[in-house]
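Novice: Once you've had a glance at the structure underneath, I'll fire off some questions.
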Amino acid sequence: MEPRSSTAPGFGGALTITDRRWHVYVPGAVNLVRRAMAAAGCEAGVVLTDDRTIKKLNARDRHRNKPTNVLTYEMPPEILLGFGVVRREAEAARKTVAAHLAHLLIHGALHLAGHDHDEAGAARAMEREETRLMAAIKMPDPWKYS
């Protein structure tokens with residue numbers, strides 16, 4: 001499938017979806033991305049892609065030769081998510097792929113805004129902000145598991 005790129009209203013960044021499974025597992029993916037990014041006040045571009053692409057970038061840029069759920073880049077500001085890892089994590093946590101996608105978008109946006117979770121206090125603050133932003137877009141608390 002050819003990559004599709006669009007700019008959603010209220011969302012300043014470009015959205016590219018290169019893996020059609022995002023549309024299958026997340027009906028309304030474009031709207032969900034727009035809502036999550038707007039709630040976080042983030043204008044970064046978003047790429048919803050596959051594990052193969054994420055693995056290559058993770059190996060190149062972080063020297064970790066495996067796929068990961070989300071990668072963020074500061075210049076240009078961009079958030080990339082790999083479908084397979086996101087789906088597997090969502091299933092393991094008994095969450096919808098849509099809810100996990102929204103959480104990871106917000107998580108990536110907060111990283112781009114300077115938040116981190118290297119220390120316990122900073123991690124708790126970031127988790128509280130993620131919970132607040134998820135509630136703002138009417139999504140479940142990402143830290144409560146079924």
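Ordering of the structure tokens sets the chain letters (A, B, ...), residue numbers begin anew at 1 in every chain, and ligands are numbered from 1 in the order given.
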Looking only at the backbone, which of the residues in region 16-145 of chain A does DSSP tag as alpha helix (DSSP H), as a PyMOL selection string?

Specialist: chain A and resi 21-25+29-40+51-62+83-92+97-112+120-136

Novice: Once you count only C-alpha atoms, what closest atom pair and distance in Å to one decimal does each residue of region 3-52 of chain A within 12 Å of region 130-141 of chain A have, with rows by chain and rising residue number, as CSV?

Specialist:
residue,atom,partner,partner_atom,distance
A:Asn31,CA,A:Ile137,CA,11.0
A:Leu32,CA,A:Ile137,CA,8.7
A:Val33,CA,A:Ile137,CA,10.6
A:Arg34,CA,A:Ile137,CA,10.3
A:Arg35,CA,A:Ile137,CA,6.5
A:Ala36,CA,A:Ile137,CA,6.7
A:Met37,CA,A:Leu133,CA,9.7
A:Ala38,CA,A:Ile137,CA,9.3
A:Ala39,CA,A:Leu133,CA,6.2
A:Ala40,CA,A:Leu133,CA,6.7
A:Gly41,CA,A:Leu133,CA,10.1
A:Cys42,CA,A:Leu133,CA,11.9

Novice: Using N, CA and C atoms, can you write the selected residues to a file as a PDB file, in the first residue's frame?

Specialist:
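Dumped everything to again_18.pdb:
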ATOM      1  N   ASN A  31      -8.635  10.818  12.984  1.00  0.00           N
ATOM      2  CA  ASN A  31      -9.272  11.663  13.995  1.00  0.00           C
ATOM      3  C   ASN A  31      -8.647  11.448  15.366  1.00  0.00           C
ATOM      4  N   LEU A  32      -8.322  10.203  15.710  1.00  0.00           N
ATOM      5  CA  LEU A  32      -7.704   9.917  17.009  1.00  0.00           C
ATOM      6  C   LEU A  32      -6.339  10.600  17.120  1.00  0.00           C
ATOM      7  N   VAL A  33      -5.543  10.531  16.066  1.00  0.00           N
ATOM      8  CA  VAL A  33      -4.241  11.202  16.069  1.00  0.00           C
ATOM      9  C   VAL A  33      -4.437  12.703  16.264  1.00  0.00           C
ATOM     10  N   ARG A  34      -5.360  13.277  15.518  1.00  0.00           N
ATOM     11  CA  ARG A  34      -5.635  14.714  15.625  1.00  0.00           C
ATOM     12  C   ARG A  34      -6.020  15.092  17.058  1.00  0.00           C
ATOM     13  N   ARG A  35      -6.917  14.332  17.666  1.00  0.00           N
ATOM     14  CA  ARG A  35      -7.375  14.631  19.028  1.00  0.00           C
ATOM     15  C   ARG A  35      -6.248  14.516  20.050  1.00  0.00           C
ATOM     16  N   ALA A  36      -5.463  13.439  19.958  1.00  0.00           N
ATOM     17  CA  ALA A  36      -4.378  13.228  20.923  1.00  0.00           C
ATOM     18  C   ALA A  36      -3.317  14.316  20.806  1.00  0.00           C
ATOM     19  N   MET A  37      -2.943  14.641  19.587  1.00  0.00           N
ATOM     20  CA  MET A  37      -1.903  15.647  19.383  1.00  0.00           C
ATOM     21  C   MET A  37      -2.392  17.037  19.787  1.00  0.00           C
ATOM     22  N   ALA A  38      -3.650  17.335  19.494  1.00  0.00           N
ATOM     23  CA  ALA A  38      -4.211  18.624  19.888  1.00  0.00           C
ATOM     24  C   ALA A  38      -4.272  18.738  21.414  1.00  0.00           C
ATOM     25  N   ALA A  39      -4.687  17.679  22.092  1.00  0.00           N
ATOM     26  CA  ALA A  39      -4.765  17.690  23.558  1.00  0.00           C
ATOM     27  C   ALA A  39      -3.394  17.938  24.162  1.00  0.00           C
ATOM     28  N   ALA A  40      -2.366  17.346  23.557  1.00  0.00           N
ATOM     29  CA  ALA A  40      -0.998  17.499  24.059  1.00  0.00           C
ATOM     30  C   ALA A  40      -0.364  18.809  23.594  1.00  0.00           C
ATOM     31  N   GLY A  41      -1.055  19.550  22.728  1.00  0.00           N
ATOM     32  CA  GLY A  41      -0.501  20.806  22.211  1.00  0.00           C
ATOM     33  C   GLY A  41       0.735  20.582  21.361  1.00  0.00           C
ATOM     34  N   CYS A  42       0.750  19.466  20.641  1.00  0.00           N
ATOM     35  CA  CYS A  42       1.938  19.064  19.876  1.00  0.00           C
ATOM     36  C   CYS A  42       1.679  19.191  18.379  1.00  0.00           C
TER      37      CYS A  42
END

Novice: List the spatial neighbours of region 83-89 of chain A as a list of chain:residue names - criterion: any atom at most 7 Å away, only C-alpha atoms, same-chain residues fewer than 5 positions off excluded.

Specialist: A:Trp22, A:Thr49, A:Asp50, A:Asp51, A:Thr68, A:Asn69, A:Val97, A:His100, A:Leu101

Novice: Once DSSP has gone over the backbone, tell me which residues of region 28-132 of chain A are in strand (DSSP E or B), as a list in words.

Specialist: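 Result set for region 28-132 of chain A (strand (DSSP E or B)): Gly45, Val46, Val47, Leu48, Thr49, Val70, Leu71, Thr72, Tyr73, Glu78, Ile79, Leu80, Leu81 and Gly82 of chain A.
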
Novice: Tell me which of A:Pro76, A:Val46, A:Ile54, A:Arg94 sits closest to Ile106 (chain A), counting only C-alpha atoms.

Specialist: A:Val46

Novice: So the first atom is CA of Arg62 (chain A) and the second is CA of Leu112 (chain A); what is the distance between them in Å, to one decimal place?

Specialist: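 Between CA of Arg62 (chain A) and CA of Leu112 (chain A) the gap works out to 16.3 Å.
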
Novice: From the list A:His103, A:Lys95, A:Glu129, A:Lys144, which residue is nearest Asp116 (chain A) when using only C-alpha atoms?

Specialist: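 Between A:His103, A:Lys95, A:Glu129, A:Lys144, the residue approaching Asp116 (chain A) most closely is A:Glu129.
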
Novice: Provide the CA of Glu43 (chain A) to CA of Pro77 (chain A) distance in Å, to one decimal place.

Specialist: 7.8 Å

Novice: Have a look at CA of Gly82 (chain A) and CA of Val24 (chain A) and let me know their distance in Å, one decimal.

Specialist: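 Those two atoms sit 14.4 Å apart.
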